[in-house]
file protein.cif (mmCIF, C-alpha atoms)
data_entry
loop_
_atom_site.label_atom_id
_atom_site.label_comp_id
_atom_site.auth_asym_id
_atom_site.auth_seq_id
_atom_site.Cartn_x
_atom_site.Cartn_y
_atom_site.Cartn_z
CA MET U 21 137.27 24.95 -78.90
CA ASN U 22 140.79 23.79 -78.09
CA VAL U 23 141.43 26.95 -76.12
CA LEU U 24 138.30 26.26 -74.08
CA VAL U 25 139.33 22.70 -73.37
CA LEU U 26 142.83 23.83 -72.35
CA ALA U 27 141.39 26.51 -70.09
CA ALA U 28 139.07 24.00 -68.49
CA THR U 29 141.91 21.52 -68.04
CA ALA U 30 144.06 24.16 -66.37
CA ALA U 31 141.24 25.11 -64.02
CA ILE U 32 140.72 21.51 -63.04
CA ALA U 33 144.42 20.86 -62.56
CA THR U 34 144.72 23.67 -60.02
CA ALA U 35 141.69 22.61 -57.97
CA ALA U 36 142.50 20.67 -54.85
CA ALA U 37 141.47 17.03 -54.95
CA ALA U 38 138.23 16.58 -52.99
CA ALA U 39 136.96 13.54 -51.17
CA GLU U 40 133.78 11.69 -52.08
CA ILE U 41 130.70 13.92 -52.19
CA SER U 42 128.97 13.87 -48.80
CA PRO U 43 125.41 12.41 -48.68
CA GLU U 44 123.73 15.79 -48.07
CA ASP U 45 125.46 17.29 -51.14
CA ARG U 46 124.64 14.37 -53.42
CA ARG U 47 122.45 15.48 -56.32
CA SER U 48 121.07 13.68 -59.34
CA GLY U 49 121.83 14.89 -62.86
CA TYR U 50 118.14 15.88 -62.92
CA ASP U 51 118.93 18.82 -60.64
CA PHE U 52 121.53 20.11 -63.09
CA ALA U 53 119.29 19.82 -66.16
CA GLY U 54 117.32 22.75 -67.57
CA ALA U 55 113.70 23.44 -66.63
CA GLU U 56 112.41 22.17 -69.99
CA THR U 57 114.34 18.91 -69.70
CA ARG U 58 113.10 18.37 -66.15
CA ALA U 59 109.51 19.06 -67.22
CA MET U 60 109.90 16.51 -70.02
CA GLN U 61 111.06 13.85 -67.58
CA ASP U 62 108.31 14.63 -65.06
CA ASP U 63 105.42 14.26 -67.52
CA ASP U 64 104.98 10.60 -68.45
CA THR U 65 103.17 11.53 -71.64
CA ALA U 66 105.96 13.88 -72.74
CA ASN U 67 108.89 11.71 -71.60
CA PRO U 68 110.11 9.89 -74.72
CA GLY U 69 111.75 7.26 -72.51
CA MET U 70 108.24 6.06 -71.69
CA LEU U 71 107.92 4.81 -75.29
CA GLY U 72 110.75 2.40 -74.40
CA VAL U 73 109.05 1.40 -71.16
CA LEU U 74 105.84 0.63 -73.12
CA GLN U 75 107.82 -1.47 -75.59
CA GLY U 76 109.48 -3.24 -72.66
CA GLU U 77 106.10 -4.06 -71.16
CA THR U 78 105.16 -5.84 -74.39
CA LEU U 79 108.47 -7.72 -74.42
CA TRP U 80 107.94 -8.75 -70.79
CA ALA U 81 104.78 -10.61 -71.79
CA ALA U 82 106.07 -11.97 -75.13
CA LYS U 83 107.01 -15.65 -75.33
CA ALA U 84 110.51 -16.24 -76.69
CA GLY U 85 113.09 -18.93 -77.35
CA ALA U 86 113.12 -22.73 -77.27
CA ALA U 87 111.34 -22.79 -73.88
CA ASP U 88 108.52 -20.68 -75.34
CA LYS U 89 108.27 -18.76 -72.08
CA SER U 90 107.87 -15.07 -71.40
CA CYS U 91 109.50 -13.11 -68.58
CA ALA U 92 106.05 -12.96 -66.99
CA ASP U 93 105.69 -16.78 -66.99
CA CYS U 94 108.44 -17.00 -64.34
CA HIS U 95 108.47 -13.56 -62.74
CA GLY U 96 104.76 -12.76 -62.87
CA ASP U 97 103.68 -9.16 -62.51
CA ALA U 98 106.77 -6.99 -62.90
CA ARG U 99 105.25 -4.29 -60.71
CA ALA U 100 105.72 -6.62 -57.74
CA SER U 101 108.57 -8.92 -58.75
CA MET U 102 110.88 -6.29 -60.26
CA LYS U 103 110.25 -3.58 -57.67
CA GLY U 104 113.56 -2.43 -56.24
CA VAL U 105 115.67 -4.70 -58.45
CA ALA U 106 117.35 -1.92 -60.41
CA ALA U 107 118.30 -0.21 -57.14
CA ARG U 108 120.62 -3.07 -56.25
CA TYR U 109 122.36 -3.74 -59.58
CA PRO U 110 125.08 -4.55 -60.66
CA THR U 111 124.98 -7.65 -58.48
CA PHE U 112 127.35 -10.55 -57.98
CA GLU U 113 126.75 -13.64 -60.13
CA PRO U 114 128.28 -16.62 -58.27
CA ILE U 115 128.39 -18.92 -61.30
CA LEU U 116 130.45 -16.46 -63.31
CA GLY U 117 132.34 -15.12 -60.31
CA ARG U 118 131.82 -11.50 -61.37
CA PRO U 119 129.18 -8.78 -61.19
CA LEU U 120 126.50 -8.41 -63.84
CA ASP U 121 124.59 -5.25 -64.70
CA LEU U 122 120.85 -5.28 -65.43
CA GLU U 123 121.30 -5.55 -69.21
CA ALA U 124 123.67 -8.51 -68.84
CA ARG U 125 121.33 -10.19 -66.35
CA ILE U 126 118.38 -9.88 -68.73
CA ASN U 127 120.40 -11.38 -71.57
CA ARG U 128 121.64 -14.18 -69.32
CA CYS U 129 118.10 -14.94 -68.25
CA ARG U 130 117.07 -15.09 -71.91
CA GLY U 131 119.77 -17.64 -72.66
CA GLU U 132 119.37 -19.80 -69.56
CA HIS U 133 115.64 -19.84 -68.99
CA GLN U 134 114.06 -18.93 -72.32
CA GLY U 135 116.58 -20.63 -74.59
CA ALA U 136 116.56 -17.51 -76.74
CA ALA U 137 119.36 -15.63 -78.45
CA PRO U 138 120.53 -12.67 -76.39
CA PHE U 139 119.47 -9.21 -77.49
CA ALA U 140 122.25 -7.35 -79.26
CA GLY U 141 124.10 -4.96 -76.98
CA GLU U 142 122.56 -1.48 -76.93
CA SER U 143 119.66 -2.69 -79.13
CA ALA U 144 116.27 -1.02 -78.82
CA ASP U 145 114.73 -4.24 -77.42
CA LEU U 146 117.37 -4.70 -74.72
CA LEU U 147 117.14 -1.06 -73.67
CA ALA U 148 113.34 -1.20 -73.67
CA LEU U 149 113.16 -4.30 -71.47
CA THR U 150 115.83 -2.88 -69.14
CA ALA U 151 113.93 0.39 -68.94
CA PHE U 152 110.70 -1.47 -68.13
CA VAL U 153 112.40 -3.43 -65.33
CA ALA U 154 114.19 -0.37 -63.94
CA TYR U 155 110.95 1.67 -64.16
CA GLN U 156 109.49 -0.61 -61.46
CA SER U 157 112.07 0.86 -59.04
CA ARG U 158 111.29 4.49 -59.81
CA GLY U 159 111.27 6.54 -56.64
CA LEU U 160 113.21 3.97 -54.60
CA PRO U 161 116.65 4.80 -53.19
CA ILE U 162 119.76 3.23 -54.70
CA ALA U 163 120.92 0.68 -52.12
CA LEU U 164 123.40 -1.97 -53.15
CA PRO U 165 123.65 -4.70 -50.50
CA GLU U 166 127.14 -5.03 -49.04
CA LYS U 167 128.65 -8.23 -50.29
CA PRO U 168 132.27 -9.18 -49.62
CA GLU U 169 132.43 -10.86 -53.05
CA LEU U 170 131.82 -7.48 -54.71
CA GLN U 171 134.64 -5.72 -52.86
CA PRO U 172 137.46 -6.43 -55.35
CA PHE U 173 135.30 -5.19 -58.24
CA LEU U 174 134.27 -2.15 -56.26
CA ASP U 175 137.93 -1.40 -55.53
CA LEU U 176 138.71 -1.71 -59.24
CA GLY U 177 135.85 0.64 -60.11
CA GLY U 178 137.05 3.19 -57.57
CA GLU U 179 140.59 2.95 -58.88
CA LEU U 180 139.37 3.50 -62.47
CA PHE U 181 137.24 6.44 -61.36
CA HIS U 182 140.29 8.17 -59.91
CA ARG U 183 142.74 7.17 -62.65
CA ARG U 184 143.82 9.87 -65.10
CA GLN U 185 143.09 8.76 -68.64
CA GLY U 186 143.27 9.85 -72.26
CA GLN U 187 145.05 12.64 -74.05
CA LEU U 188 143.46 15.21 -71.76
CA ASN U 189 144.84 13.23 -68.80
CA LEU U 190 141.68 13.59 -66.72
CA SER U 191 140.10 11.23 -64.23
CA CYS U 192 136.33 10.94 -63.74
CA SER U 193 136.85 12.26 -60.22
CA GLN U 194 138.48 15.51 -61.34
CA CYS U 195 135.26 16.61 -63.02
CA HIS U 196 132.55 14.82 -61.06
CA ASP U 197 133.95 15.00 -57.49
CA ASP U 198 136.06 18.16 -57.59
CA ASN U 199 134.28 20.42 -60.08
CA TRP U 200 130.60 19.48 -60.24
CA GLY U 201 128.26 22.43 -60.62
CA LYS U 202 130.84 24.37 -62.65
CA ARG U 203 130.75 24.64 -66.40
CA LEU U 204 132.68 22.82 -69.09
CA ALA U 205 132.12 25.20 -71.99
CA GLY U 206 128.31 25.60 -72.07
CA ALA U 207 127.41 22.46 -70.14
CA VAL U 208 127.07 22.15 -66.36
CA ILE U 209 129.22 19.34 -64.93
CA PRO U 210 126.90 17.00 -63.00
CA GLN U 211 128.03 14.71 -60.20
CA GLY U 212 127.78 11.67 -62.45
CA HIS U 213 125.22 9.63 -60.54
CA PRO U 214 123.52 6.88 -62.58
CA THR U 215 119.98 7.59 -61.38
CA GLY U 216 117.93 7.44 -64.56
CA TYR U 217 119.35 4.62 -66.68
CA PRO U 218 118.56 3.55 -69.32
CA VAL U 219 118.33 7.27 -69.94
CA TYR U 220 116.75 9.17 -72.84
CA ARG U 221 119.43 11.58 -73.97
CA LEU U 222 118.21 14.33 -76.25
CA GLU U 223 121.61 14.28 -77.95
CA TRP U 224 121.14 10.59 -78.78
CA GLN U 225 117.44 10.92 -79.61
CA SER U 226 117.02 7.48 -78.05
CA LEU U 227 117.41 5.48 -74.89
CA GLY U 228 120.97 4.50 -74.01
CA SER U 229 122.74 2.49 -71.33
CA LEU U 230 125.10 3.69 -68.62
CA GLN U 231 127.93 1.97 -70.48
CA ARG U 232 127.18 4.03 -73.56
CA ARG U 233 127.29 7.16 -71.42
CA LEU U 234 130.64 6.10 -69.93
CA ARG U 235 132.03 5.56 -73.43
CA ASN U 236 130.86 9.07 -74.34
CA CYS U 237 132.75 10.58 -71.43
CA MET U 238 135.88 8.57 -72.25
CA ILE U 239 135.81 9.73 -75.85
CA GLY U 240 135.44 13.24 -74.42
CA VAL U 241 138.75 12.99 -72.58
CA ARG U 242 140.20 11.25 -75.65
CA ALA U 243 140.74 7.93 -73.91
CA GLU U 244 140.18 4.50 -75.45
CA PRO U 245 136.60 3.63 -74.36
CA TYR U 246 135.88 0.28 -72.72
CA GLU U 247 134.10 -2.26 -74.88
CA TYR U 248 130.45 -2.95 -74.01
CA GLY U 249 130.38 -5.54 -71.24
CA ALA U 250 134.10 -5.15 -70.45
CA PRO U 251 134.96 -5.97 -66.80
CA GLU U 252 136.24 -2.40 -66.32
CA ALA U 253 132.92 -0.95 -67.53
CA VAL U 254 130.90 -3.11 -65.12
CA ALA U 255 133.29 -2.31 -62.24
CA LEU U 256 132.85 1.39 -62.94
CA GLU U 257 129.05 0.98 -63.04
CA LEU U 258 129.25 -0.80 -59.69
CA TYR U 259 131.38 1.95 -58.15
CA LEU U 260 129.03 4.65 -59.48
CA MET U 261 125.98 2.94 -57.99
CA VAL U 262 127.64 2.63 -54.58
CA ARG U 263 128.76 6.25 -54.85
CA ALA U 264 125.14 7.27 -55.60
CA ARG U 265 123.59 5.32 -52.70
CA GLY U 266 120.55 7.04 -51.27
CA LEU U 267 119.60 8.88 -54.47
CA LEU U 268 116.29 7.89 -56.03
CA ILE U 269 115.92 5.88 -59.23
CA GLU U 270 114.30 8.05 -61.94
CA THR U 271 114.15 5.66 -64.89
CA PRO U 272 113.48 6.64 -67.61
CA GLY U 273 115.50 9.80 -67.00
CA VAL U 274 115.73 12.57 -69.60
CA ARG U 275 119.07 14.34 -70.02
CA PRO U 276 120.31 16.96 -72.49
CA MET D 29 102.85 -0.05 -85.54
CA ALA D 30 104.65 2.64 -83.65
CA ARG D 31 104.07 3.27 -79.98
CA VAL D 32 102.05 6.35 -79.11
CA LEU D 33 101.39 8.33 -75.94
CA ILE D 34 98.42 10.70 -75.99
CA ASN D 35 97.43 12.93 -73.11
CA LEU D 36 94.07 14.66 -73.16
CA PRO D 37 91.42 15.12 -70.46
CA ALA D 38 88.75 12.40 -70.44
CA GLN D 39 86.18 14.98 -69.39
CA ALA D 40 85.83 18.71 -70.03
CA LYS D 41 83.28 21.49 -69.67
CA ARG D 42 81.64 22.82 -72.82
CA GLY D 43 83.67 25.70 -74.22
CA GLU D 44 86.73 24.82 -72.12
CA ILE D 45 90.14 25.15 -73.78
CA ILE D 46 91.90 21.80 -73.48
CA GLU D 47 95.54 20.91 -74.12
CA ILE D 48 96.33 17.77 -76.10
CA LYS D 49 99.82 16.28 -76.00
CA THR D 50 101.00 13.55 -78.35
CA LEU D 51 104.22 11.58 -78.59
CA ILE D 52 104.99 8.92 -81.22
CA ALA D 53 107.99 6.62 -81.61
CA HIS D 54 109.70 7.28 -84.93
CA PRO D 55 113.39 7.44 -85.98
CA MET D 56 112.86 10.59 -88.13
CA GLU D 57 115.78 9.66 -90.36
CA THR D 58 116.76 12.90 -92.09
CA GLY D 59 118.10 11.50 -95.34
CA TYR D 60 121.38 13.37 -94.83
CA ARG D 61 123.24 10.87 -92.63
CA LEU D 62 125.87 8.55 -94.07
CA GLY D 63 126.38 4.95 -92.94
CA ARG D 64 129.82 3.47 -92.34
CA THR D 65 130.15 2.55 -96.00
CA GLY D 66 129.28 6.06 -97.16
CA VAL D 67 125.80 5.11 -98.31
CA VAL D 68 123.08 7.59 -97.37
CA PHE D 69 120.39 6.32 -95.02
CA PRO D 70 117.22 6.98 -97.00
CA ARG D 71 114.96 9.65 -95.63
CA ASP D 72 112.19 8.28 -93.41
CA ILE D 73 110.28 10.88 -91.45
CA ILE D 74 106.74 11.52 -90.36
CA ASN D 75 105.74 14.28 -92.73
CA GLY D 76 102.20 14.97 -91.66
CA PHE D 77 100.00 15.02 -88.58
CA VAL D 78 96.26 15.63 -88.44
CA CYS D 79 93.86 15.80 -85.51
CA THR D 80 90.12 15.60 -86.09
CA TYR D 81 87.36 16.20 -83.54
CA ASN D 82 84.22 14.28 -84.50
CA GLY D 83 85.43 14.33 -88.10
CA GLU D 84 86.28 18.03 -88.20
CA GLN D 85 89.94 18.94 -88.59
CA VAL D 86 91.07 21.00 -85.59
CA PHE D 87 94.85 20.82 -85.97
CA ARG D 88 97.27 19.93 -88.74
CA ALA D 89 101.08 20.04 -88.94
CA GLU D 90 103.68 19.44 -91.61
CA LEU D 91 106.95 17.97 -90.37
CA PHE D 92 110.43 18.32 -91.89
CA PRO D 93 113.80 16.57 -91.59
CA ALA D 94 115.13 18.92 -88.87
CA ILE D 95 112.62 17.56 -86.35
CA ALA D 96 114.07 15.18 -83.75
CA ALA D 97 113.21 11.50 -83.38
CA ASN D 98 110.01 10.61 -81.51
CA PRO D 99 108.18 13.85 -82.35
CA PHE D 100 106.18 15.45 -79.55
CA ILE D 101 103.27 17.64 -80.68
CA ALA D 102 101.14 19.60 -78.22
CA PHE D 103 98.27 21.93 -79.09
CA PHE D 104 95.01 23.36 -77.79
CA THR D 105 91.43 23.03 -78.92
CA VAL D 106 88.01 23.93 -77.56
CA ALA D 107 85.88 21.17 -76.06
CA THR D 108 82.62 21.53 -78.02
CA GLU D 109 80.82 18.20 -77.68
CA SER D 110 81.32 14.63 -76.54
CA GLY D 111 82.78 12.26 -79.06
CA GLU D 112 85.92 11.04 -80.73
CA ILE D 113 89.23 12.79 -81.20
CA ALA D 114 91.34 11.06 -83.86
CA PHE D 115 95.06 11.49 -84.43
CA SER D 116 96.83 10.48 -87.66
CA TRP D 117 100.53 10.45 -88.44
CA THR D 118 101.72 9.81 -92.01
CA ASP D 119 105.31 8.93 -92.85
CA ASP D 120 107.47 8.92 -95.99
CA ARG D 121 106.56 5.30 -96.73
CA GLY D 122 102.96 6.42 -97.09
CA GLU D 123 101.88 4.56 -93.98
CA THR D 124 99.34 6.24 -91.74
CA GLN D 125 98.79 5.42 -88.11
CA THR D 126 95.54 6.50 -86.52
CA GLU D 127 94.67 6.55 -82.83
CA VAL D 128 91.27 7.46 -81.44
CA ARG D 129 90.45 8.77 -77.95
CA GLN D 130 87.06 9.55 -76.40
CA ILE D 131 86.15 12.78 -74.67
CA THR D 132 83.05 13.54 -72.59
CA VAL D 133 81.87 17.16 -72.61
CA GLU D 134 79.30 18.34 -70.10
#
call {"tool": "encode", "arguments": {"input": "protein.cif", "output": "structure tokens"}}
result
Amino acid sequence: MNVLVLAATAAIATAAAAAEISPEDRRSGYDFAGAETRAMQDDDTANPGMLGVLQGETLWAAKAGAADKSCADCHGDARASMKGVAARYPTFEPILGRPLDLEARINRCRGEHQGAAPFAGESADLLALTAFVAYQSRGLPIALPEKPELQPFLDLGGELFHRRQGQLNLSCSQCHDDNWGKRLAGAVIPQGHPTGYPVYRLEWQSLGSLQRRLRNCMIGVRAEPYEYGAPEAVALELYLMVRARGLLIETPGVRP
Amino acid sequence: MARVLINLPAQAKRGEIIEIKTLIAHPMETGYRLGRTGVVFPRDIINGFVCTYNGEQVFRAELFPAIAANPFIAFFTVATESGEIAFSWTDDRGETQTEVRQITVE
């Protein structure tokens, strides 16, 4: 195993640094997955992520908190009101002065408007409701509006993406910009576009957030992973979404 | 109880072979995993699945701890007559969940 990792590291170190992937070469992780995994995602009655979407639909209509209001009481039919929302997150929250991802926005909405306790990070309920909201954007292209307020966070995300980290001393970019399509041991290296989140990973046997996936990758290069909700994690999410602009939302995606 | 997705044709011709696909939300806890304190998570899996077609058993499966969470079971049967197709999953707690779908055979 160590020999493999060393060999892979050496191969990456010798590759010339490439620029951002051009729009015509941009491909979702779906295109790198096996035929069985793709078939699972394509069939809504075989896609286990749809169980989360169904649960989210129930949560959308469930009254909660001191205000005794449901999401639907304010936002109405999610099919109309939430269409396209996931394609433009993370978005800038003026009151906090920083960007929020979809999970954080849902929890903030719960606190402010429902008077309810936030869902625990990475809990089944939070992932289900996020999946239900993001599902309304399925098939729409990722298109974050350009906002000058977001620029510093975007710059931070880009800097983190290109920063070498961990004991293996690898940056995200070295795998996902320079060496996508090649193999790291048995697995194909995808381009790292967040098209299907919350995603059903077969390895996890559950839905998981983009932040969980980022932590996975960081543990892989033996770096200290960012805490859930850390500013660095959200900045990286923001950078990844801008980097993936034009690709279609697939939520709930299925990945190996 | 648990969320279920069932896919079968609403209509079929008599004698036609139809595919039925089922998916149920379940953790399928193996009974071999340790928690942070070293205590074993008790086993909790779906151990049995039965499909009946107008009361007659057409498919049955036993499930074991090596099967992943949210088990997906797909199988074929012959559309013989209109009526009810019932699906039952039983777990280690002894709870059974039953879902019924209608089929029209012409």
call {"tool": "resolve_selection", "arguments": {"input": "protein.cif", "expression": "the PyMOL selection byres ((chain D) within 10 of (chain U))", "output": "ChimeraX atom specification"}}
result
/D:30-36,49-53,55-56,96-102
call {"tool": "residues_around", "arguments": {"input": "protein.cif", "residues": "Thr118 of chain D", "least_positions_apart": "4", "cutoff": "7 Å", "atoms": "all atoms listed in the file", "output": "ChimeraX atom specification"}}
result
/D:74-77,122-125
call {"tool": "residues_around", "arguments": {"input": "protein.cif", "residues": "segment 100-109 of chain U", "least_positions_apart": "6", "cutoff": "7 Å", "atoms": "only C-alpha atoms", "output": "ChimeraX atom specification"}}
result
/U:121-122,153-154,156-157,160-165,269
call {"tool": "write_last_selection", "arguments": {"input": "protein.cif", "atoms": "C-alpha atoms", "output": "mmCIF file, keeping the file's coordinate frame"}}
result
data_model
loop_
_atom_site.group_PDB
_atom_site.id
_atom_site.type_symbol
_atom_site.label_atom_id
_atom_site.label_comp_id
_atom_site.auth_asym_id
_atom_site.auth_seq_id
_atom_site.Cartn_x
_atom_site.Cartn_y
_atom_site.Cartn_z
ATOM 1 C CA ASP U 121 124.590 -5.250 -64.700
ATOM 2 C CA LEU U 122 120.850 -5.280 -65.430
ATOM 3 C CA VAL U 153 112.400 -3.430 -65.330
ATOM 4 C CA ALA U 154 114.190 -0.370 -63.940
ATOM 5 C CA GLN U 156 109.490 -0.610 -61.460
ATOM 6 C CA SER U 157 112.070 0.860 -59.040
ATOM 7 C CA LEU U 160 113.210 3.970 -54.600
ATOM 8 C CA PRO U 161 116.650 4.800 -53.190
ATOM 9 C CA ILE U 162 119.760 3.230 -54.700
ATOM 10 C CA ALA U 163 120.920 0.680 -52.120
ATOM 11 C CA LEU U 164 123.400 -1.970 -53.150
ATOM 12 C CA PRO U 165 123.650 -4.700 -50.500
ATOM 13 C CA ILE U 269 115.920 5.880 -59.230
#
call {"tool": "axis_aligned_box", "arguments": {"input": "protein.cif", "around": "segment 86-91 of chain D", "padding_each_side": "4 Å", "output": "lines of an AutoDock Vina configuration file"}}
result
center_x = 99.0
center_y = 19.5
center_z = -88.6
size_x = 23.9
size_y = 11.0
size_z = 14.0
call {"tool": "residues_around", "arguments": {"input": "protein.cif", "residues": "segment 231-243 of chain U", "least_positions_apart": "4", "cutoff": "7 Å", "atoms": "all atoms listed in the file", "output": "ChimeraX atom specification"}}
result
/U:185-188,190,248,253
